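A.B. asks: work-v6.txt is reproduced below (compact mmCIF, C-alpha atoms).
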# COMPACT_ATOMS: atom_id res chain seq x y z
CA MET A 1 -4.76 -22.44 -2.53
CA GLU A 2 -1.65 -20.22 -2.82
CA GLU A 3 -2.51 -19.27 -6.37
CA LYS A 4 -6.09 -18.49 -5.41
CA VAL A 5 -5.00 -16.20 -2.58
CA VAL A 6 -2.51 -14.41 -4.82
CA SER A 7 -4.97 -13.88 -7.64
CA CYS A 8 -7.70 -12.64 -5.25
CA LEU A 9 -5.23 -10.23 -3.64
CA LYS A 10 -4.18 -8.96 -7.05
CA GLU A 11 -7.79 -8.20 -7.88
CA LYS A 12 -7.87 -6.03 -4.73
CA THR A 13 -11.16 -7.48 -3.61
CA ASP A 14 -12.57 -7.97 -0.12
CA ASP A 15 -12.46 -11.69 -0.76
CA GLY A 16 -8.69 -11.50 -1.12
CA ILE A 17 -8.36 -10.15 2.41
CA ASP A 18 -10.79 -12.76 3.77
CA LEU A 19 -8.91 -15.57 2.10
CA LEU A 20 -5.53 -14.24 3.23
CA ILE A 21 -6.70 -14.06 6.83
CA ASP A 22 -8.43 -17.44 6.77
CA THR A 23 -5.40 -19.14 5.28
CA TYR A 24 -2.38 -17.39 6.72
CA SER A 25 -3.30 -15.40 9.85
CA SER A 26 -1.68 -17.93 12.23
CA LEU A 27 1.52 -18.03 10.19
CA ILE A 28 1.73 -14.22 9.94
CA TYR A 29 1.03 -13.75 13.63
CA GLY A 30 3.52 -16.51 14.49
CA VAL A 31 6.32 -14.84 12.52
CA ILE A 32 5.63 -11.45 14.12
CA TYR A 33 5.21 -12.91 17.59
CA SER A 34 8.48 -14.85 17.36
CA THR A 35 10.34 -11.60 16.61
CA LEU A 36 8.55 -9.20 18.94
CA GLN A 37 7.33 -11.27 21.89
CA ASN A 38 9.95 -10.18 24.41
CA HIS A 39 10.32 -6.62 23.16
CA MET A 40 6.90 -5.15 22.49
CA SER A 41 3.43 -4.97 23.96
CA ARG A 42 0.49 -7.00 22.70
CA GLU A 43 -1.00 -3.83 21.14
CA ASP A 44 2.20 -3.18 19.18
CA ILE A 45 2.26 -6.77 17.97
CA GLU A 46 -1.34 -6.43 16.81
CA GLU A 47 -0.59 -3.13 15.07
CA CYS A 48 2.32 -4.83 13.30
CA TYR A 49 0.01 -7.68 12.26
CA TYR A 50 -2.46 -5.24 10.68
CA ASP A 51 0.40 -3.48 8.97
CA VAL A 52 1.66 -6.77 7.51
CA ILE A 53 -1.79 -7.65 6.16
CA PHE A 54 -1.98 -4.18 4.58
CA THR A 55 1.50 -4.55 3.07
CA LEU A 56 0.76 -7.99 1.64
CA TRP A 57 -2.43 -6.68 0.10
CA HIS A 58 -0.90 -3.41 -1.09
CA LYS A 59 2.34 -4.84 -2.50
CA ILE A 60 1.08 -8.11 -3.89
CA ASP A 61 2.28 -7.07 -7.35
CA LYS A 62 5.86 -7.30 -6.07
CA TYR A 63 5.42 -11.01 -5.45
CA ASP A 64 7.04 -13.03 -8.21
CA ALA A 65 6.07 -16.70 -8.27
CA LYS A 66 9.25 -17.47 -10.22
CA LYS A 67 11.32 -16.45 -7.23
CA GLY A 68 9.68 -18.70 -4.69
CA LYS A 69 6.54 -19.80 -2.92
CA PHE A 70 4.03 -17.24 -1.70
CA LYS A 71 4.47 -18.53 1.87
CA ASN A 72 8.19 -17.72 1.74
CA TRP A 73 7.54 -14.22 0.46
CA LEU A 74 4.86 -13.73 3.09
CA ILE A 75 7.22 -14.81 5.88
CA SER A 76 9.91 -12.42 4.62
CA VAL A 77 7.45 -9.50 4.52
CA ALA A 78 6.22 -10.28 8.04
CA LYS A 79 9.76 -10.70 9.36
CA PHE A 80 11.04 -7.44 7.86
CA LYS A 81 8.01 -5.54 9.11
CA ALA A 82 8.48 -6.98 12.61
CA VAL A 83 12.14 -5.95 12.56
CA ASP A 84 11.05 -2.44 11.50
CA TYR A 85 8.73 -2.31 14.50
CA LEU A 86 11.51 -3.56 16.73
CA ARG A 87 13.82 -0.81 15.49
CA LYS A 88 11.13 1.81 15.88
CA GLY A 89 10.48 0.57 19.41
CA GLN A 90 14.17 0.76 20.22
CA ARG A 91 14.43 4.30 18.87
CA GLN A 92 11.39 5.22 20.93
CA SER A 93 12.82 3.76 24.11
CA LYS A 94 16.08 5.64 23.46
CA GLN A 95 14.09 8.87 23.29
CA ASP A 96 12.12 7.92 26.39
CA GLY A 97 15.42 7.11 28.09
CA LEU A 98 16.39 10.76 27.92
CA GLU A 99 13.48 11.49 30.20
CA ASP A 100 13.42 8.31 32.24
CA CYS A 101 16.72 7.03 33.67
CA SER A 102 15.31 3.62 34.63
CA GLU A 103 14.80 2.87 30.95
CA THR A 104 18.39 3.77 30.07
CA SER A 105 20.10 0.64 31.36
CA GLN A 106 17.66 -1.65 29.50
CA SER A 107 17.99 0.13 26.15
CA ALA A 108 21.76 0.45 26.52
CA GLU A 109 21.98 -3.27 27.13
CA ASP A 110 19.86 -3.98 24.10
CA GLU A 111 21.92 -1.56 22.08
CA MET A 112 25.14 -3.20 23.22
CA LEU A 113 23.84 -6.63 22.26
CA LEU A 114 22.76 -5.29 18.90
CA ARG A 115 26.14 -3.67 18.35
CA GLU A 116 27.90 -6.91 19.25
CA ASP A 117 25.75 -8.79 16.76
CA GLU A 118 26.46 -6.19 14.09
CA LEU A 119 30.20 -6.24 14.79
CA GLN A 120 30.29 -10.02 14.65
CA PHE A 121 28.36 -9.94 11.37
CA ARG A 122 30.74 -7.36 9.89
CA LYS A 123 33.78 -9.41 10.97
CA VAL A 124 32.40 -12.48 9.30
CA LEU A 125 31.55 -10.43 6.22
CA GLU A 126 35.22 -9.49 5.91
CA ARG A 127 36.02 -13.11 5.26
CA LEU A 128 34.05 -12.93 2.03
CA GLY A 129 35.67 -11.60 -1.14
CA LYS A 130 35.51 -7.85 -1.83
CA ILE A 131 32.71 -8.10 -4.38
CA ASP A 132 30.63 -10.36 -2.13
CA GLN A 133 31.18 -7.98 0.78
CA LYS A 134 29.80 -5.16 -1.35
CA ILE A 135 26.85 -7.24 -2.49
CA PHE A 136 25.92 -8.26 1.05
CA SER A 137 26.26 -4.79 2.50
CA TRP A 138 24.24 -3.20 -0.34
CA ARG A 139 21.59 -5.90 -0.18
CA TYR A 140 21.14 -6.27 3.58
CA ILE A 141 22.36 -3.01 5.07
CA ASP A 142 21.49 -0.47 2.36
CA GLU A 143 18.54 -2.61 1.16
CA LEU A 144 19.23 -2.17 -2.56
CA SER A 145 17.39 -4.46 -4.94
CA VAL A 146 19.26 -7.22 -6.76
CA GLU A 147 18.70 -5.36 -10.02
CA GLU A 148 20.25 -2.17 -8.62
CA ILE A 149 23.27 -4.10 -7.36
CA ALA A 150 23.61 -5.84 -10.72
CA ASP A 151 23.59 -2.41 -12.38
CA GLN A 152 26.26 -1.05 -10.04
CA LEU A 153 28.54 -4.03 -10.59
CA HIS A 154 27.76 -4.45 -14.30
CA MET A 155 26.65 -8.01 -13.67
CA ALA A 156 23.61 -10.03 -14.63
CA PRO A 157 21.02 -10.19 -11.80
CA GLN A 158 21.30 -13.98 -11.94
CA ALA A 159 25.01 -13.72 -11.09
CA VAL A 160 24.16 -11.54 -8.08
CA TYR A 161 21.57 -14.08 -6.92
CA THR A 162 24.15 -16.85 -7.22
CA ARG A 163 26.75 -14.91 -5.20
CA ILE A 164 24.18 -14.13 -2.48
CA SER A 165 23.16 -17.75 -2.28
CA ARG A 166 26.75 -19.04 -2.08
CA GLY A 167 27.70 -16.29 0.36
CA LYS A 168 24.77 -17.17 2.63
CA GLY A 169 25.99 -20.75 2.79
CA LYS A 170 29.49 -19.61 3.77
CA LEU A 171 28.20 -17.15 6.37
CA LYS A 172 25.97 -19.78 7.95
CA LYS A 173 28.94 -22.13 8.25
CA TRP A 174 31.25 -19.46 9.71
CA MET A 175 28.65 -18.27 12.18
CA GLY A 176 28.09 -21.79 13.43
CA GLY A 177 24.74 -22.46 11.74
CA LYS A 178 23.81 -25.78 10.14
CA MET B 1 19.93 -25.11 -5.81
CA THR B 2 17.54 -23.47 -8.26
CA SER B 3 17.12 -19.77 -8.98
CA ILE B 4 13.93 -19.84 -6.87
CA ASP B 5 15.97 -20.25 -3.70
CA HIS B 6 18.12 -17.28 -4.57
CA GLN B 7 15.43 -14.69 -4.20
CA TYR B 8 13.09 -15.60 -1.33
CA GLU B 9 14.49 -17.26 1.72
CA THR B 10 12.98 -20.71 2.00
CA TYR B 11 11.51 -22.25 5.14
CA SER B 12 10.97 -25.93 5.79
CA ASP B 13 7.51 -27.32 6.43
CA THR B 14 8.52 -27.98 10.04
CA GLU B 15 9.58 -24.35 10.55
CA ILE B 16 6.34 -23.13 8.99
CA GLN B 17 4.25 -25.46 11.15
CA GLN B 18 6.06 -24.25 14.28
CA LEU B 19 5.33 -20.62 13.36
CA GLU B 20 1.69 -21.44 12.64
CA ARG B 21 1.35 -23.17 16.00
CA LEU B 22 2.95 -20.22 17.76
CA GLY B 23 0.60 -17.81 16.00
CA ALA B 24 -2.52 -19.87 16.71
CA GLN B 25 -1.52 -20.17 20.35
CA HIS B 26 -1.07 -16.45 20.96
CA MET B 27 -3.40 -14.57 18.64
CA GLY B 28 -6.53 -13.20 20.27
CA GLU B 29 -10.04 -13.35 18.83
CA GLU B 30 -10.03 -9.66 17.91
CA ILE B 31 -7.09 -10.21 15.57
CA LYS B 32 -9.28 -12.43 13.41
CA ASP B 33 -11.90 -9.69 13.08
CA LYS B 34 -11.94 -9.05 9.36
CA LYS B 35 -14.07 -5.93 9.70
CA HIS B 36 -11.41 -4.31 11.85
CA ILE B 37 -8.67 -5.20 9.36
CA LYS B 38 -10.68 -3.80 6.47
CA GLN B 39 -11.23 -0.56 8.35
CA TYR B 40 -7.49 -0.40 8.94
CA ILE B 41 -6.82 -0.91 5.21
CA LYS B 42 -9.36 1.78 4.32
CA LYS B 43 -7.68 4.20 6.72
CA ARG B 44 -4.22 3.44 5.34
CA ASN B 45 -5.45 3.86 1.76
CA LEU B 46 -6.98 7.20 2.65
CA GLU B 47 -3.69 8.31 4.20
CA ALA B 48 -1.85 7.23 1.05
CA MET B 49 -4.39 9.15 -1.04
CA ARG B 50 -3.83 12.31 0.94
CA GLU B 51 -0.06 11.95 0.50
CA LEU B 52 -0.61 11.56 -3.22
CA ALA B 53 -2.80 14.67 -3.29
CA GLU B 54 -0.22 16.62 -1.31
CA GLY B 55 2.35 15.54 -3.89
CA GLU B 56 0.31 17.39 -6.52
CA LEU B 57 0.63 20.71 -4.72
CA GLU B 58 2.86 23.47 -6.01
CA ALA B 59 4.96 25.65 -3.72
CA ASP B 60 2.34 28.31 -3.11
CA GLU B 61 -0.65 25.98 -3.06
CA TYR B 62 -2.48 24.21 -0.25
CA LEU B 63 -5.44 21.93 0.35
CA GLU B 64 -8.60 23.79 1.29
CA ALA B 65 -11.15 21.03 1.56
CA GLU B 66 -11.83 17.38 0.89
CA PHE B 67 -15.00 15.36 0.54
CA ASP B 68 -16.46 12.07 -0.59
CA GLY B 69 -18.95 12.00 -3.40
CA SER B 70 -20.90 9.36 -5.23
CA LEU B 71 -21.34 9.07 -8.96
CA THR B 72 -24.36 10.83 -10.33
CA ALA B 73 -26.65 8.83 -12.56
CA LEU B 74 -26.31 11.60 -15.10
CA ASN B 75 -22.70 10.96 -15.61
CA TYR B 76 -23.20 7.62 -17.25
CA LEU B 77 -26.82 6.66 -17.58
CA GLY B 78 -28.81 9.84 -17.30
CA ASN B 79 -30.29 10.07 -20.74
CA MET B 80 -32.80 7.27 -20.75
CA THR B 81 -33.30 7.42 -24.49
CA SER B 82 -29.95 5.80 -24.97
CA ALA B 83 -29.25 4.54 -21.48
CA GLU B 84 -29.71 0.91 -22.30
CA TYR B 85 -27.15 1.10 -25.04
CA ALA B 86 -24.83 3.08 -22.83
CA PHE B 87 -25.21 0.57 -20.03
CA MET B 88 -24.35 -2.35 -22.25
CA MET B 89 -21.34 -0.55 -23.58
CA LEU B 90 -20.18 0.52 -20.14
CA ALA B 91 -19.67 -3.15 -19.41
CA ALA B 92 -16.56 -2.71 -21.52
CA TYR B 93 -15.05 -0.63 -18.74
CA ASN B 94 -14.08 -2.83 -15.85
CA ASP B 95 -12.98 0.00 -13.59
CA VAL B 96 -16.13 2.08 -13.17
CA PRO B 97 -15.77 3.32 -9.59
CA VAL B 98 -17.96 3.17 -6.53
CA LYS B 99 -17.36 6.75 -5.47
CA TYR B 100 -15.10 9.78 -5.65
CA HIS B 101 -12.81 11.34 -3.13
CA VAL B 102 -12.10 14.94 -3.97
CA TYR B 103 -9.51 17.45 -2.78
CA LEU B 104 -10.02 21.14 -3.42
CA THR B 105 -6.86 23.17 -3.42
CA THR B 106 -6.34 26.87 -3.89
CA LYS B 107 -5.68 26.31 -7.60
CA LYS B 108 -7.15 23.02 -8.68
CA MET B 109 -9.39 20.07 -8.12
CA ILE B 110 -7.95 16.61 -7.53
CA VAL B 111 -10.49 13.86 -8.07
CA TYR B 112 -9.83 10.20 -7.25
CA GLU B 113 -12.19 7.49 -8.37
CA ILE B 114 -12.19 4.96 -5.59
CA GLY B 115 -13.43 1.43 -5.28
CA LYS B 116 -13.91 -0.80 -2.27
CA LEU B 117 -11.46 -0.37 0.61
CA ASN B 118 -10.66 3.09 -0.79
CA VAL B 119 -8.53 1.69 -3.61
CA ILE B 120 -7.70 4.42 -6.11
CA GLY B 121 -8.82 3.83 -9.65
CA ARG B 122 -8.42 6.73 -12.03
CA GLN B 123 -7.27 10.14 -10.94
CA TYR B 124 -7.98 13.50 -12.48
CA VAL B 125 -6.06 16.64 -11.69
CA PHE B 126 -7.22 19.86 -13.30
CA ASP B 127 -7.27 23.61 -12.71
CA TYR B 128 -10.57 25.31 -11.91
CA GLY B 129 -10.04 27.19 -15.18
CA ALA B 130 -10.30 23.94 -17.16
CA ILE B 131 -13.86 23.33 -15.98
CA ARG B 132 -16.61 23.96 -18.57
CA HIS B 133 -20.42 23.78 -18.47
CA PHE B 134 -20.42 23.71 -14.68
CA LYS B 135 -23.78 23.02 -13.08
CA GLY B 136 -24.41 22.73 -9.37
CA LYS B 137 -27.87 21.89 -8.07
CA SER B 138 -28.99 21.82 -4.46
CA ARG B 139 -31.39 19.06 -3.53
CA LYS B 140 -32.96 18.32 -0.18
CA ASP B 141 -30.35 15.78 0.96
CA TYR B 142 -27.52 16.35 -1.42
CA VAL B 143 -25.80 18.64 -3.89
CA LYS B 144 -25.31 17.56 -7.46
CA LEU B 145 -22.34 18.76 -9.48
CA PHE B 146 -21.63 18.06 -13.08
CA PHE B 147 -19.17 19.55 -15.48
CA LYS B 148 -16.86 18.94 -18.37
CA VAL B 149 -13.08 19.24 -18.12
CA ASP B 150 -10.98 20.65 -20.93
CA GLU B 151 -7.71 19.13 -19.88
CA ASP B 152 -6.52 17.04 -16.98
CA LYS B 153 -2.93 16.42 -15.96
CA TYR B 154 -2.89 12.66 -16.54
CA ASP B 155 -5.31 12.58 -19.45
CA ALA B 156 -7.12 9.83 -17.59
CA PHE B 157 -10.70 10.28 -18.78
CA ARG B 158 -12.36 7.29 -20.34
CA THR B 159 -12.74 7.62 -24.05
CA SER B 160 -14.96 5.95 -26.56
CA GLY B 161 -15.19 6.10 -30.32
CA ASN B 162 -18.80 5.01 -30.10
CA TRP B 163 -21.17 7.95 -30.63
CA LEU B 164 -23.76 6.44 -28.26
CA LEU B 165 -21.33 6.15 -25.40
CA TYR B 166 -19.26 9.21 -26.15
CA PRO B 167 -21.58 11.82 -24.53
CA PHE B 168 -21.59 9.89 -21.26
CA VAL B 169 -17.91 9.38 -20.77
CA SER B 170 -16.22 12.16 -22.63
CA ARG B 171 -14.42 14.35 -20.09
CA ARG B 172 -17.48 14.51 -17.85
CA ILE B 173 -17.64 14.31 -14.11
CA GLY B 174 -20.84 14.06 -12.10
CA ILE B 175 -20.71 14.00 -8.33
CA ASN B 176 -23.36 13.87 -5.63
CA ILE B 177 -22.22 15.32 -2.32
CA PHE B 178 -24.06 14.18 0.79
CA CYS B 179 -21.91 15.58 3.59
CA GLU B 180 -23.15 18.35 5.90
CA GLU B 181 -20.88 20.99 4.39
CA ARG B 182 -22.22 20.37 0.89
CA GLU B 183 -23.64 23.89 0.41
CA ILE B 184 -20.37 25.48 1.54
CA LEU B 185 -18.45 23.21 -0.85
CA LEU B 186 -20.77 24.12 -3.71
CA LYS B 187 -20.29 27.83 -3.10
CA PHE B 188 -16.54 27.38 -2.83
CA ILE B 189 -16.33 25.53 -6.14
CA GLN B 190 -18.65 28.00 -7.88
CA LYS B 191 -16.50 30.84 -6.65
CA LYS B 192 -13.36 29.20 -8.01
CA VAL B 193 -14.87 28.13 -11.33
CA PHE B 194 -16.55 31.43 -12.12
CA GLY B 195 -13.71 33.49 -10.64
CA ILE B 196 -16.07 35.38 -8.37
What do you get writing this file as structure tokens?
C.D. replies:
Amino acid sequence: MEEKVVSCLKEKTDDGIDLLIDTYSSLIYGVIYSTLQNHMSREDIEECYYDVIFTLWHKIDKYDAKKGKFKNWLISVAKFKAVDYLRKGQRQSKQDGLEDCSETSQSAEDEMLLREDELQFRKVLERLGKIDQKIFSWRYIDELSVEEIADQLHMAPQAVYTRISRGKGKLKKWMGGK
Amino acid sequence: MTSIDHQYETYSDTEIQQLERLGAQHMGEEIKDKKHIKQYIKKRNLEAMRELAEGELEADEYLEAEFDGSLTALNYLGNMTSAEYAFMMLAAYNDVPVKYHVYLTTKKMIVYEIGKLNVIGRQYVFDYGAIRHFKGKSRKDYVKLFFKVDEDKYDAFRTSGNWLLYPFVSRRIGINIFCEEREILLKFIQKKVFGI
């Protein structure tokens, strides 16, 4: 089924959209809902859902079957898009907070929590070697592609993948994950 | 661990099932409305097209008008004496569009061939000065334009070495305009092409 969905999407046909929705709408909505449920309105969640469907359809050529299952790529796209919406929403509430004081305490609290998370993440990152620190910050903060990072560090992309994978394992352990 | 795991984060079947359950539990009926999603995609594609067109503008240039147009029969199959041959040979092109979306700027014409859901096929960008053999005919419900283009920015016109097909595809554009402003658009283009 995965292959059929991918090939229909690549052909940019109506059928591709139908098949994508029939097969994966619950999963896509579930990923978005799990990220946005306590932060955004139902309308925003729906808007994000439409945006994810558009992105999957529009950027299907970026999907590389050699790098993993379509479902995994789809979840990543939905997750990143939901996080984008979350950030946008937070920026918006910051702006609204300038006009509405009651909003300020809520967004400041959220901001503080976010900052704490970021600080904790940076602290843990420091425990990695210098090169791995660079790789993680370029990949996940500056959002460079693996190929761009490989270019910068004069490494093979495969070596970068390996370092990311090993680093993820270490980070999970240090942050108390399984 | 294989190289597959390095690129896309992997999720277990249990995690995926949980997410699917969560989605199914909370998504409303309207979210499953495929028509609505397709309209959304069309709108987003149109926005992307406009951005693309704006990217073609020079510093002292701006968009003056835009319109949708359909392909004229003349463009590909008009001459019935050889239409059957032309039709058979056109099967060789798998990207013959459904319609055009056109932007008129102060200096040039930007023509996008678009398929379903407003997907861009070929694009032609050319100055009004590059238009030859321009003909514009007013009909009761539509305006018909056809012309030849000397040179377009992306050299995107279909070509054919076959003498039967050549007259139908060689640097020709034929557009039917159905919108209300069709007569105004025709006058505008005529003015630009003939330098009136």
A.B. asks: Check the smallest atom-to-atom distance from each of A:Lys69, A:Lys123, A:Lys4, A:Lys59 to chain B using all atoms listed in the file, then report the winner.
C.D. replies: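 Looking at the shortest contact to chain B, the residue is A:Lys69.
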A.B. asks: Using only C-alpha atoms, what does the table of chain B residues within 8 Å of chain A look like, with each row giving the shortest atom pair and its distance in Å to one decimal, sorted by chain and ascending number, as CSV?
C.D. replies:
residue,atom,partner,partner_atom,distance
B:Ser3,CA,A:Lys67,CA,6.9
B:Ile4,CA,A:Lys67,CA,4.3
B:Asp5,CA,A:Gly68,CA,6.6
B:His6,CA,A:Tyr161,CA,5.3
B:Gln7,CA,A:Lys67,CA,5.4
B:Tyr8,CA,A:Gly68,CA,5.7
B:Glu9,CA,A:Asn72,CA,6.3
B:Thr10,CA,A:Asn72,CA,5.7
B:Tyr11,CA,A:Asn72,CA,6.6
B:Ile16,CA,A:Leu27,CA,7.1
B:Gln17,CA,A:Leu27,CA,8.0
B:Leu19,CA,A:Gly30,CA,4.6
B:Glu20,CA,A:Leu27,CA,4.2
B:Arg21,CA,A:Ser26,CA,7.1
B:Leu22,CA,A:Gly30,CA,5.0
B:Gly23,CA,A:Gly30,CA,3.5
B:Ala24,CA,A:Ser26,CA,5.0
B:His26,CA,A:Gly30,CA,7.9
B:Met27,CA,A:Tyr29,CA,6.7
B:Ile31,CA,A:Glu46,CA,7.0
B:Lys32,CA,A:Ile21,CA,7.3
B:Lys34,CA,A:Asp18,CA,6.8
B:Ile37,CA,A:Tyr50,CA,6.3
B:Lys38,CA,A:Ile17,CA,7.9
B:Tyr40,CA,A:Tyr50,CA,7.2
B:Ile41,CA,A:Phe54,CA,5.9
B:Arg44,CA,A:Phe54,CA,8.0
B:Lys116,CA,A:Thr13,CA,7.3
B:Leu117,CA,A:Asp14,CA,7.7
B:Val119,CA,A:Lys12,CA,7.8
A.B. asks: Counting all atoms listed in the file, what is within 8 Å of segment 127-131 of chain B, bar same-chain residues fewer than 5 positions away, as a list of chain:residue names?
C.D. replies: B:Lys107, B:Lys108, B:Met109, B:Phe147, B:Lys148, B:Val149, B:Asp150, B:Glu151, B:Asp152, B:Lys192, B:Val193
A.B. asks: Give the answer as one residue: which of A:Ser93, A:Thr35, A:Thr23, A:Ser7 has the shortest atom-to-atom distance to Ile60 of chain A, using all atoms listed in the file?
C.D. replies: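 Once distances to Ile60 of chain A are computed over all atoms listed in the file, the minimum belongs to A:Ser7.
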A.B. asks: How many Å separate atom CA of Asp13 of chain B from atom CA of Lys170 of chain A?
C.D. replies: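 Interatomic distance here is 23.4 Å.
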A.B. asks: Tell me, in Å to one decimal, how far atom CA of Ser41 of chain A is from atom CA of His36 of chain B.
C.D. replies: 19.2 Å
A.B. asks: For a quick check of understanding, using all atoms listed in the file, which of B:His101, B:Lys191, B:Arg158, B:Lys35 has the smallest distance to Glu66 of chain B?
C.D. replies: B:His101
A.B. asks: When distances are computed from only C-alpha atoms, which of A:Leu9, A:Val124, A:Ala82, A:Met155 shows the smallest separation from Leu36 of chain A?
C.D. replies: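 Among the listed residues, the smallest separation from Leu36 of chain A belongs to A:Ala82.
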